[in-house]
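As provided, structure_37.cif (mmCIF, C-alpha atoms) reads as follows.
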```
data_structure
#
loop_
_atom_site.label_atom_id
_atom_site.label_comp_id
_atom_site.auth_asym_id
_atom_site.auth_seq_id
_atom_site.Cartn_x
_atom_site.Cartn_y
_atom_site.Cartn_z
CA MET S 1 -4.91 14.81 -23.11
CA ILE S 2 -2.67 16.31 -25.78
CA ILE S 3 0.50 18.12 -24.68
CA ILE S 4 1.11 20.98 -27.08
CA ASN S 5 3.70 23.73 -27.67
CA GLY S 6 6.57 21.86 -26.03
CA LYS S 7 10.11 21.09 -27.08
CA ILE S 8 10.15 17.32 -26.55
CA ILE S 9 13.36 15.67 -25.32
CA THR S 10 12.74 12.00 -26.01
CA TRP S 11 15.79 10.46 -24.30
CA ASP S 12 15.34 7.63 -26.75
CA GLN S 13 18.42 6.25 -28.52
CA PRO S 14 19.45 8.27 -30.40
CA ASN S 15 18.08 11.15 -28.40
CA GLN S 16 15.93 13.66 -30.23
CA ILE S 17 14.56 17.12 -29.51
CA LEU S 18 11.23 17.40 -31.29
CA GLU S 19 9.62 20.74 -32.09
CA ASN S 20 6.17 21.36 -33.58
CA GLN S 21 5.17 17.90 -32.34
CA ALA S 22 2.57 16.98 -29.73
CA ILE S 23 2.01 14.05 -27.36
CA LEU S 24 -1.33 12.26 -27.06
CA ILE S 25 -1.77 10.48 -23.73
CA ARG S 26 -4.30 7.70 -23.21
CA GLU S 27 -4.78 5.49 -20.13
CA GLY S 28 -1.56 6.65 -18.53
CA LYS S 29 0.64 5.95 -21.55
CA ILE S 30 1.99 7.87 -24.52
CA PHE S 31 -0.42 6.84 -27.24
CA LYS S 32 0.86 8.90 -30.13
CA ILE S 33 3.56 11.46 -30.99
CA ALA S 34 2.92 13.36 -34.18
CA ASP S 35 2.81 16.74 -35.89
CA GLN S 36 0.92 19.07 -33.57
CA SER S 37 -1.53 20.39 -36.14
CA THR S 38 -2.34 16.85 -37.27
CA LEU S 39 -3.01 15.62 -33.72
CA LEU S 40 -5.22 18.60 -32.95
CA GLU S 41 -7.16 18.04 -36.15
CA ASP S 42 -7.54 14.29 -35.55
CA PHE S 43 -8.52 14.66 -31.85
CA PRO S 44 -10.37 17.99 -31.63
CA LEU S 45 -12.23 17.16 -28.39
CA GLU S 46 -9.18 16.03 -26.43
CA GLU S 47 -8.15 18.04 -23.37
CA LYS S 48 -5.07 20.14 -24.09
CA MET S 49 -2.11 20.91 -21.83
CA ASP S 50 -0.01 23.81 -23.07
CA ALA S 51 3.73 23.54 -22.36
CA ASN S 52 4.16 27.19 -23.44
CA GLY S 53 7.51 26.56 -25.10
CA GLN S 54 9.01 24.65 -22.17
CA TYR S 55 11.06 21.48 -22.53
CA VAL S 56 9.07 18.29 -22.08
CA MET S 57 11.17 15.44 -20.68
CA PRO S 58 10.68 12.04 -19.07
CA GLY S 59 10.52 12.28 -15.28
CA LEU S 60 13.76 11.70 -13.40
CA ILE S 61 14.45 8.29 -11.81
CA CYS S 62 16.24 7.55 -8.52
CA ALA S 63 17.66 4.03 -8.37
CA HIS S 64 18.32 3.92 -4.59
CA THR S 65 16.98 6.05 -1.75
CA HIS S 66 15.85 5.98 1.89
CA PHE S 67 12.63 7.85 2.70
CA TYR S 68 13.12 7.29 6.44
CA GLY S 69 16.35 9.29 6.31
CA ALA S 70 14.27 12.47 6.11
CA TYR S 71 14.33 12.72 9.90
CA SER S 72 18.11 13.03 9.90
CA ARG S 73 17.88 16.55 8.49
CA GLY S 74 19.35 18.91 11.10
CA LEU S 75 19.80 16.09 13.63
CA ALA S 76 22.85 16.49 15.85
CA ILE S 77 24.73 13.30 16.78
CA PRO S 78 25.23 13.56 20.59
CA THR S 79 28.70 12.03 20.52
CA ASP S 80 32.10 13.04 19.27
CA PRO S 81 32.08 13.41 15.47
CA PRO S 82 32.15 9.89 13.99
CA PRO S 83 35.65 9.27 12.59
CA ALA S 84 34.55 6.75 9.95
CA PHE S 85 31.57 5.06 8.33
CA PRO S 86 31.08 2.26 10.91
CA GLU S 87 30.63 4.89 13.64
CA ILE S 88 28.25 6.87 11.40
CA LEU S 89 26.12 3.75 11.03
CA ARG S 90 26.16 3.08 14.77
CA ASP S 91 25.64 6.62 16.05
CA LEU S 92 23.30 7.99 13.39
CA TRP S 93 21.44 5.49 11.23
CA TRP S 94 21.10 2.51 13.56
CA SER S 95 19.86 4.80 16.33
CA LEU S 96 17.59 6.88 14.09
CA ASP S 97 15.81 3.89 12.58
CA LYS S 98 15.04 2.57 16.11
CA ALA S 99 13.34 5.91 16.87
CA LEU S 100 10.75 5.54 14.09
CA ASP S 101 7.14 4.55 14.71
CA GLU S 102 4.23 4.25 12.28
CA LYS S 103 3.53 7.99 12.24
CA ALA S 104 7.17 8.81 11.58
CA VAL S 105 7.40 6.27 8.77
CA ARG S 106 4.35 7.79 7.10
CA SER S 107 5.56 11.36 7.52
CA SER S 108 9.08 10.64 6.29
CA ALA S 109 7.64 8.99 3.17
CA TRP S 110 5.36 11.95 2.52
CA VAL S 111 8.01 14.66 2.81
CA SER S 112 10.44 12.68 0.66
CA ILE S 113 7.85 12.12 -2.05
CA ILE S 114 6.75 15.76 -2.04
CA ASP S 115 10.42 16.65 -2.48
CA ALA S 116 10.56 14.25 -5.43
CA ILE S 117 7.43 15.59 -7.14
CA LYS S 118 8.54 19.21 -6.80
CA HIS S 119 11.92 18.42 -8.35
CA GLY S 120 10.76 16.26 -11.24
CA ASN S 121 11.56 12.82 -9.80
CA THR S 122 8.79 10.43 -10.82
CA THR S 123 10.23 6.96 -9.98
CA LEU S 124 11.99 5.98 -6.74
CA PHE S 125 13.55 2.75 -5.45
CA ASP S 126 13.23 2.96 -1.67
CA HIS S 127 15.07 0.88 0.95
CA HIS S 128 13.34 1.06 4.34
CA ALA S 129 14.28 0.31 7.99
CA SER S 130 12.25 0.78 11.19
CA PRO S 131 13.11 -2.06 13.61
CA ASN S 132 10.44 -1.04 16.13
CA PHE S 133 7.75 -0.93 13.44
CA ILE S 134 8.38 -3.73 10.94
CA ASN S 135 5.12 -5.57 10.26
CA GLY S 136 3.02 -3.51 7.86
CA SER S 137 5.63 -0.76 7.46
CA LEU S 138 5.79 -1.24 3.68
CA ASP S 139 2.00 -0.95 3.44
CA VAL S 140 2.14 2.38 5.26
CA ILE S 141 4.64 3.66 2.68
CA ALA S 142 2.58 2.12 -0.13
CA ASP S 143 -0.44 4.10 1.09
CA VAL S 144 1.58 7.29 0.61
CA ILE S 145 2.63 6.11 -2.86
CA ASP S 146 -1.05 5.57 -3.63
CA GLU S 147 -2.23 8.97 -2.35
CA SER S 148 0.66 10.94 -3.86
CA GLY S 149 0.54 9.35 -7.33
CA ILE S 150 4.30 8.67 -7.53
CA ARG S 151 5.89 5.46 -8.88
CA ALA S 152 8.03 3.44 -6.43
CA SER S 153 9.67 0.15 -5.56
CA LEU S 154 9.77 -0.71 -1.84
CA ALA S 155 11.90 -3.07 0.27
CA TYR S 156 12.38 -3.72 3.99
CA GLU S 157 15.96 -3.92 5.28
CA VAL S 158 16.60 -7.37 6.83
CA THR S 159 19.45 -7.28 9.36
CA ASP S 160 20.77 -9.27 12.33
CA ARG S 161 21.90 -6.20 14.25
CA ASP S 162 18.68 -6.08 16.29
CA GLY S 163 18.49 -9.81 17.01
CA ASN S 164 17.04 -12.94 15.43
CA GLU S 165 13.41 -12.09 16.13
CA LYS S 166 13.56 -8.82 14.20
CA ALA S 167 15.58 -10.39 11.39
CA GLU S 168 12.80 -12.96 11.02
CA ALA S 169 10.21 -10.16 11.11
CA GLY S 170 12.06 -8.34 8.34
CA ILE S 171 12.06 -11.47 6.19
CA LYS S 172 8.33 -11.92 6.77
CA GLU S 173 7.61 -8.29 5.90
CA ASN S 174 9.37 -8.63 2.54
CA VAL S 175 7.60 -11.93 1.79
CA ARG S 176 4.22 -10.50 2.76
CA PHE S 177 4.64 -7.35 0.67
CA ILE S 178 5.93 -9.23 -2.38
CA GLU S 179 2.91 -11.55 -2.16
CA ARG S 180 0.73 -8.44 -2.25
CA ILE S 181 2.42 -7.31 -5.47
CA LYS S 182 2.19 -10.77 -7.02
CA LYS S 183 -1.56 -10.78 -6.40
CA GLY S 184 -1.87 -7.63 -8.50
CA ASP S 185 -2.28 -5.09 -5.69
CA ASN S 186 0.25 -2.77 -7.30
CA LEU S 187 -1.57 0.56 -7.70
CA SER S 188 -2.17 0.02 -11.42
CA GLY S 189 1.50 -0.71 -12.03
CA ARG S 190 2.98 2.18 -10.00
CA LEU S 191 4.12 -0.06 -7.14
CA THR S 192 6.56 -2.95 -7.00
CA GLY S 193 8.99 -4.43 -4.50
CA SER S 194 12.32 -6.09 -3.82
CA PHE S 195 13.60 -8.26 -0.96
CA GLY S 196 15.53 -5.79 1.17
CA LEU S 197 18.76 -6.64 2.99
CA HIS S 198 20.96 -4.20 4.89
CA ALA S 199 24.52 -5.30 4.11
CA SER S 200 26.74 -8.34 4.41
CA LEU S 201 28.32 -6.90 7.57
CA THR S 202 25.04 -7.23 9.52
CA LEU S 203 23.90 -10.54 8.02
CA SER S 204 24.90 -13.98 9.32
CA GLN S 205 25.31 -17.08 7.22
CA ASP S 206 22.15 -18.43 8.83
CA THR S 207 20.08 -15.36 7.91
CA LEU S 208 21.34 -15.34 4.32
CA GLY S 209 20.28 -18.96 4.09
CA LYS S 210 16.82 -18.09 5.37
CA VAL S 211 16.56 -15.26 2.85
CA HIS S 212 17.49 -17.59 0.03
CA SER S 213 14.80 -20.04 1.12
CA ALA S 214 12.13 -17.36 1.55
CA MET S 215 12.65 -15.09 -1.42
CA ASP S 216 11.02 -15.12 -4.81
CA GLU S 217 13.80 -14.86 -7.41
CA GLN S 218 11.46 -12.93 -9.67
CA PHE S 219 11.75 -9.96 -7.30
CA GLY S 220 15.41 -10.19 -6.21
CA ILE S 221 17.31 -8.51 -3.39
CA HIS S 222 18.10 -4.84 -2.77
CA ILE S 223 21.27 -4.59 -0.63
CA HIS S 224 24.22 -2.32 0.23
CA VAL S 225 27.55 -3.81 -0.84
CA ALA S 226 31.09 -2.79 0.09
CA GLU S 227 30.19 0.80 0.90
CA HIS S 228 33.19 0.73 3.25
CA THR S 229 36.07 -1.72 3.56
CA VAL S 230 34.63 -2.96 6.87
CA ASP S 231 32.02 -4.83 4.81
CA GLN S 232 34.74 -6.79 3.04
CA TYR S 233 36.73 -7.64 6.17
CA ASP S 234 33.57 -8.73 7.97
CA SER S 235 32.64 -10.98 5.04
CA LEU S 236 36.11 -12.53 4.95
CA LYS S 237 35.88 -13.23 8.67
CA LYS S 238 32.43 -14.82 8.42
CA SER S 239 32.83 -16.78 5.22
CA GLY S 240 36.40 -16.58 3.97
CA LYS S 241 35.08 -14.77 0.90
CA ARG S 242 34.54 -11.22 -0.29
CA VAL S 243 31.02 -9.79 -0.20
CA VAL S 244 29.96 -10.36 -3.81
CA ASP S 245 31.34 -13.92 -3.77
CA ARG S 246 29.49 -14.55 -0.51
CA LEU S 247 26.18 -13.37 -1.98
CA CYS S 248 26.77 -15.52 -5.04
CA ASP S 249 27.22 -18.56 -2.78
CA PHE S 250 23.59 -18.05 -1.71
CA ASN S 251 22.44 -17.47 -5.31
CA LEU S 252 21.24 -13.99 -4.38
CA LEU S 253 22.64 -12.08 -7.35
CA ASN S 254 20.78 -12.10 -10.66
CA LYS S 255 19.03 -9.81 -13.14
CA ASN S 256 16.47 -8.89 -10.44
CA ALA S 257 19.05 -7.94 -7.79
CA ILE S 258 20.03 -4.36 -6.89
CA VAL S 259 23.39 -3.64 -5.26
CA ALA S 260 23.96 -0.15 -3.86
CA HIS S 261 27.41 1.49 -3.83
CA ALA S 262 29.96 -1.27 -4.62
CA VAL S 263 32.70 1.20 -3.71
CA HIS S 264 35.26 -1.37 -2.51
CA VAL S 265 34.79 -4.31 -4.89
CA ASP S 266 37.71 -5.92 -6.69
CA ALA S 267 38.07 -7.01 -10.31
CA LYS S 268 36.68 -10.49 -9.69
CA GLU S 269 33.63 -9.08 -7.92
CA ILE S 270 33.04 -6.71 -10.84
CA CYS S 271 33.09 -9.71 -13.18
CA LEU S 272 30.58 -11.52 -10.97
CA LEU S 273 28.27 -8.49 -10.94
CA SER S 274 28.47 -8.41 -14.71
CA ASP S 275 28.01 -12.16 -15.19
CA THR S 276 24.94 -12.23 -12.91
CA GLN S 277 23.44 -9.13 -14.62
CA THR S 278 23.07 -7.47 -11.21
CA TRP S 279 22.08 -3.80 -11.15
CA VAL S 280 24.55 -1.52 -9.32
CA THR S 281 23.59 1.95 -8.09
CA HIS S 282 26.04 4.82 -7.66
CA GLN S 283 25.42 7.52 -5.00
CA PRO S 284 28.32 10.02 -5.16
CA ARG S 285 26.90 12.65 -2.77
CA SER S 286 26.47 10.04 -0.05
CA ASN S 287 29.88 8.50 -0.70
CA MET S 288 31.50 11.91 -0.35
CA ASN S 289 29.52 12.76 2.79
CA ASN S 290 30.52 9.48 4.45
CA ALA S 291 34.10 9.74 3.14
CA VAL S 292 34.02 6.09 2.03
CA GLY S 293 35.61 6.64 -1.37
CA ILE S 294 34.13 6.54 -4.85
CA GLY S 295 33.46 3.33 -6.77
CA ASP S 296 35.24 2.80 -10.07
CA VAL S 297 31.99 2.89 -11.99
CA GLU S 298 33.71 3.60 -15.31
CA SER S 299 35.55 0.28 -15.04
CA MET S 300 32.35 -1.45 -13.95
CA LYS S 301 30.50 -0.14 -16.99
CA ARG S 302 33.35 -1.20 -19.25
CA ALA S 303 33.07 -4.71 -17.75
CA GLY S 304 29.37 -4.79 -18.60
CA VAL S 305 27.93 -3.94 -15.18
CA LYS S 306 24.63 -2.06 -15.37
CA VAL S 307 25.45 1.01 -13.26
CA CYS S 308 22.56 3.32 -12.35
CA LEU S 309 22.32 6.53 -10.32
CA GLY S 310 20.60 6.95 -6.95
CA ASN S 311 20.73 9.44 -4.08
CA ASP S 312 20.88 7.27 -0.90
CA GLY S 313 18.33 9.46 0.86
CA PHE S 314 19.81 12.82 -0.05
CA SER S 315 17.35 15.37 -1.44
CA ASN S 316 15.41 14.13 -4.46
CA THR S 317 17.26 16.51 -6.75
CA MET S 318 18.73 14.03 -9.16
CA TRP S 319 20.40 16.62 -11.36
CA ASP S 320 22.52 17.46 -8.29
CA GLU S 321 23.56 13.80 -8.25
CA TRP S 322 24.45 14.10 -11.96
CA LYS S 323 26.60 17.14 -11.27
CA THR S 324 28.35 15.50 -8.33
CA ALA S 325 29.13 12.38 -10.36
CA TYR S 326 30.45 14.52 -13.21
CA LEU S 327 32.81 16.42 -10.90
CA VAL S 328 33.97 13.97 -8.24
CA HIS S 329 35.43 11.39 -10.62
CA LYS S 330 37.52 14.12 -12.21
CA LEU S 331 38.82 15.15 -8.79
CA VAL S 332 39.47 11.64 -7.49
CA ASN S 333 41.35 10.69 -10.65
CA ARG S 334 42.94 14.15 -11.08
CA ASP S 335 41.90 13.97 -14.70
CA PRO S 336 39.31 16.33 -16.27
CA ARG S 337 38.67 13.78 -19.01
CA ARG S 338 37.06 11.30 -16.61
CA MET S 339 33.28 10.85 -16.28
CA GLY S 340 32.15 12.88 -19.25
CA GLY S 341 28.61 14.09 -19.76
CA TYR S 342 27.69 11.12 -21.91
CA GLU S 343 28.88 8.75 -19.16
CA VAL S 344 26.63 10.49 -16.65
CA VAL S 345 23.67 10.32 -19.04
CA ASP S 346 24.34 6.65 -19.65
CA MET S 347 23.86 5.96 -15.92
CA ALA S 348 21.21 8.51 -15.01
CA ILE S 349 19.05 8.26 -18.12
CA TYR S 350 19.60 5.07 -20.10
CA ASN S 351 20.51 2.64 -17.31
CA ASN S 352 18.00 4.11 -14.86
CA SER S 353 15.33 3.87 -17.56
CA GLU S 354 16.27 0.27 -18.34
CA MET S 355 16.22 -0.61 -14.64
CA ALA S 356 12.82 1.00 -14.01
CA SER S 357 11.38 -0.56 -17.16
CA HIS S 358 12.65 -3.97 -16.04
CA PHE S 359 11.18 -3.79 -12.54
CA PHE S 360 7.85 -2.18 -13.46
CA GLY S 361 7.36 -4.21 -16.62
CA VAL S 362 6.55 -1.22 -18.84
CA PRO S 363 8.73 1.33 -20.70
CA VAL S 364 9.72 4.02 -18.17
CA GLY S 365 12.00 7.03 -18.57
CA LYS S 366 11.64 7.84 -22.26
CA ILE S 367 9.20 9.59 -24.53
CA ASN S 368 8.03 7.22 -27.21
CA GLU S 369 4.78 5.56 -28.11
CA GLY S 370 3.87 2.89 -25.57
CA ALA S 371 5.95 4.35 -22.71
CA VAL S 372 4.26 5.40 -19.48
CA ALA S 373 3.38 9.08 -19.38
CA ASP S 374 5.81 10.05 -16.59
CA LEU S 375 6.70 13.54 -17.77
CA ILE S 376 8.01 16.89 -16.56
CA PHE S 377 8.05 20.43 -17.94
CA VAL S 378 11.31 22.37 -17.57
CA ASP S 379 11.28 26.16 -17.95
CA TYR S 380 14.84 26.46 -19.25
CA LYS S 381 15.78 29.25 -21.60
CA PRO S 382 19.19 28.52 -23.12
CA PHE S 383 21.30 31.45 -24.28
CA THR S 384 23.52 29.15 -26.36
CA GLU S 385 22.45 26.53 -28.88
CA LEU S 386 20.94 23.41 -27.31
CA THR S 387 21.17 20.20 -29.35
CA PRO S 388 20.82 16.48 -28.63
CA GLY S 389 24.63 16.34 -28.68
CA ASN S 390 25.31 19.04 -26.08
CA LEU S 391 22.19 18.54 -23.93
CA PRO S 392 24.11 16.76 -21.12
CA TRP S 393 26.20 19.87 -20.51
CA HIS S 394 23.15 22.15 -20.56
CA ILE S 395 21.73 20.00 -17.75
CA LEU S 396 25.03 19.82 -15.86
CA PHE S 397 25.77 23.54 -16.05
CA GLY S 398 22.43 25.21 -16.76
CA MET S 399 19.28 23.40 -15.67
CA GLN S 400 18.14 23.66 -12.06
CA HIS S 401 15.36 21.81 -10.24
CA SER S 402 13.61 25.12 -9.61
CA MET S 403 12.92 25.16 -13.35
CA VAL S 404 10.64 22.09 -13.11
CA THR S 405 7.08 23.46 -13.38
CA MET S 406 4.98 20.33 -14.05
CA THR S 407 5.27 16.71 -12.90
CA MET S 408 3.08 13.91 -14.24
CA VAL S 409 3.02 10.17 -13.45
CA SER S 410 0.98 7.72 -15.54
CA GLY S 411 -0.78 10.63 -17.19
CA LYS S 412 -1.90 12.14 -13.86
CA VAL S 413 -0.67 15.67 -13.14
CA LEU S 414 0.87 15.80 -9.65
CA MET S 415 2.22 19.35 -9.91
CA SER S 416 1.21 22.14 -12.29
CA ASN S 417 2.78 25.60 -12.50
CA ARG S 418 4.89 24.59 -9.48
CA GLN S 419 1.75 23.94 -7.40
CA LEU S 420 1.07 20.47 -6.01
CA ILE S 421 -2.27 19.01 -7.07
CA GLY S 422 -4.43 17.32 -4.42
CA ILE S 423 -1.63 17.31 -1.82
CA ASP S 424 -1.86 19.52 1.27
CA GLU S 425 1.84 20.27 1.64
CA GLU S 426 1.44 22.60 4.62
CA LYS S 427 -0.61 20.06 6.58
CA ILE S 428 1.83 17.23 5.78
CA PHE S 429 4.88 19.27 6.77
CA ASN S 430 3.26 20.47 9.99
CA GLU S 431 2.45 16.86 10.90
CA ALA S 432 6.01 15.79 10.03
CA LEU S 433 7.43 18.56 12.21
CA LYS S 434 5.20 17.49 15.09
CA ASN S 435 6.30 13.85 14.69
CA SER S 436 9.96 14.85 14.47
CA LYS S 437 9.99 15.93 18.10
CA SER S 438 9.24 12.44 19.40
CA VAL S 439 11.59 10.86 16.85
CA TRP S 440 14.46 13.02 18.03
CA GLU S 441 13.59 12.39 21.67
CA ASN S 442 13.60 8.63 21.05
CA TYR S 443 16.88 8.97 19.20
CA ASN S 444 18.63 10.96 21.93
CA SER S 445 17.36 8.64 24.67
CA GLN S 446 19.61 5.90 23.30
CA PHE S 447 22.80 7.72 24.28
#
```

Take the structure I supplied and represent it as structure tokens, if you would.
Amino acid sequence: MIIINGKIITWDQPNQILENQAILIREGKIFKIADQSTLLEDFPLEEKMDANGQYVMPGLICAHTHFYGAYSRGLAIPTDPPPAFPEILRDLWWSLDKALDEKAVRSSAWVSIIDAIKHGNTTLFDHHASPNFINGSLDVIADVIDESGIRASLAYEVTDRDGNEKAEAGIKENVRFIERIKKGDNLSGRLTGSFGLHASLTLSQDTLGKVHSAMDEQFGIHIHVAEHTVDQYDSLKKSGKRVVDRLCDFNLLNKNAIVAHAVHVDAKEICLLSDTQTWVTHQPRSNMNNAVGIGDVESMKRAGVKVCLGNDGFSNTMWDEWKTAYLVHKLVNRDPRRMGGYEVVDMAIYNNSEMASHFFGVPVGKINEGAVADLIFVDYKPFTELTPGNLPWHILFGMQHSMVTMTMVSGKVLMSNRQLIGIDEEKIFNEALKNSKSVWENYNSQF
């Protein structure tokens, strides 16, 4: 197809806003960007998609999320309010994940992905846990990826907290799924995987050794690191070393590794993350909600760490994550000069794009010839001048996810005029609601 009558935000470097230009899409990729009249003349029989003056942008990318967390929405913890993050893990997440069965895993993936499509998020890096449904759980989520048309990386969370047998099962699930990807069963490039680990605080030396022996370095780990100080003290007790040093001892950090949070890492750990070219993801809404603190991502970036932006299972409204990052670092540092708009864009656009392009093996998150056609239309009508230079602040203070009218992945339209294409949202949500009752019953039965 040819996308016409759009104002094209390339998010290339340097960023450009192209007018009177059109985009020709072939085989899921951007084949040509040229003067609109020229493209229409050269390809007169091509299907046309009219942007009607809207902004055309690359789809948003989430570098770390949890689909299964969907069933926490509205869930009351039947204990006293957790005073700190370790109790939140114990009383909410480690009880909720035990309540999930195959139906719940499928439903939670569906509602999360619908949320992503409706809000312009086209690529997601998911981190899954369901200790009573491990074997085949990633295939169930992959089926939803296939049917929905989204782009995603999947991983199963290996942990010792449910015993050796389930830790072994988690390792096998990652190995099995990665073998599937290596054999080319990757939904035409829309699906990939990582070797999921929960966090150092629930992993023994023995299990880390088994992970090192089982994993394929080409795919790397996806793990939470130092989200709370308890992770560091646990690591010191187990190994005499801080978390990042401990992971390095097992050769688990490299250019294919993803570390979520890194809130409580020290200067040496930051250097190790930089030296190993590990990807770090920042999730400010989650960090605020759990009151764990905020990582010094500005220092990390200055040290050469590749810091990206995720949502940790919050709603797939990534511009909300942008806005939170922009504001919270100013508050924490009591300095309005901290975390400027360009810093946010560097994480959320350029680093997220580089990360997605690295893991999927094709250019993702930009509009240029050869990049995948993961695009959105945004019906934003600025009442002040909008330029490549001030665009970050138009997004931070003007654009809303309700303005996303079209979402496309690999050239396939998933939502048009705010209507999902080929997805029965009402049926999926009714099924999810039905499944939620048993999930919540299973959850509450543990107390």

Next item on the list: Please evaluate the PyMOL selection byres ((chain S and resi 157) around 12) against the structure above and give the resulting residues as number ranges by chain.
Entry: S: 66, 68, 94, 97, 126-131, 133-134, 137-138, 154-156, 158-162, 166-174, 194-200, 202-203, 211, 221-224

Next item on the list: Any chance you could resolve the PyMOL selection byres ((chain S and resi 258) around 8) against this file and give the residues as a PyMOL selection string?
Entry: chain S and resi 220-223+256-257+259-260+278-281

Pull C-alpha atoms from the residues just selected and write them as a PDB file, keeping the file's coordinate frame.
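Okay, this is what ended up in selection14.pdb:
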```pdb
ATOM      1  CA  GLY S 220      15.410 -10.190  -6.210  1.00  0.00           C
ATOM      2  CA  ILE S 221      17.310  -8.510  -3.390  1.00  0.00           C
ATOM      3  CA  HIS S 222      18.100  -4.840  -2.770  1.00  0.00           C
ATOM      4  CA  ILE S 223      21.270  -4.590  -0.630  1.00  0.00           C
ATOM      5  CA  ASN S 256      16.470  -8.890 -10.440  1.00  0.00           C
ATOM      6  CA  ALA S 257      19.050  -7.940  -7.790  1.00  0.00           C
ATOM      7  CA  VAL S 259      23.390  -3.640  -5.260  1.00  0.00           C
ATOM      8  CA  ALA S 260      23.960  -0.150  -3.860  1.00  0.00           C
ATOM      9  CA  THR S 278      23.070  -7.470 -11.210  1.00  0.00           C
ATOM     10  CA  TRP S 279      22.080  -3.800 -11.150  1.00  0.00           C
ATOM     11  CA  VAL S 280      24.550  -1.520  -9.320  1.00  0.00           C
ATOM     12  CA  THR S 281      23.590   1.950  -8.090  1.00  0.00           C
TER      13      THR S 281
END
```

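With distances restricted to all atoms listed in the file, S:Ser204 is the closest residue to Lys237 in chain S from S:Ser204, S:Ser37, S:Asn430, S:Asn52.
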
Check which residues satisfy the PyMOL selection byres ((chain S and resi 102) around 8) in the file shown, then give them as a compact mmCIF listing (two decimals) with C-alpha atoms, keeping the file's coordinate frame.
```txt
# COMPACT_ATOMS: atom_id res chain seq x y z
CA LEU S 100 10.75 5.54 14.09
CA ASP S 101 7.14 4.55 14.71
CA LYS S 103 3.53 7.99 12.24
CA ALA S 104 7.17 8.81 11.58
CA VAL S 105 7.40 6.27 8.77
CA ARG S 106 4.35 7.79 7.10
CA PHE S 133 7.75 -0.93 13.44
CA SER S 137 5.63 -0.76 7.46
CA VAL S 140 2.14 2.38 5.26
```

Residue contacts of range 289-305 of chain S (6 Å, all atoms listed in the file) excluding same-chain residues fewer than 4 positions away, as a PDB file with C-alpha atoms, keeping the file's coordinate frame:
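Heads up, here's the output in around.pdb:
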```pdb
ATOM      1  CA  PHE S  85      31.570   5.060   8.330  1.00  0.00           C
ATOM      2  CA  HIS S 228      33.190   0.730   3.250  1.00  0.00           C
ATOM      3  CA  VAL S 263      32.700   1.200  -3.710  1.00  0.00           C
ATOM      4  CA  SER S 274      28.470  -8.410 -14.710  1.00  0.00           C
TER       5      SER S 274
END
```
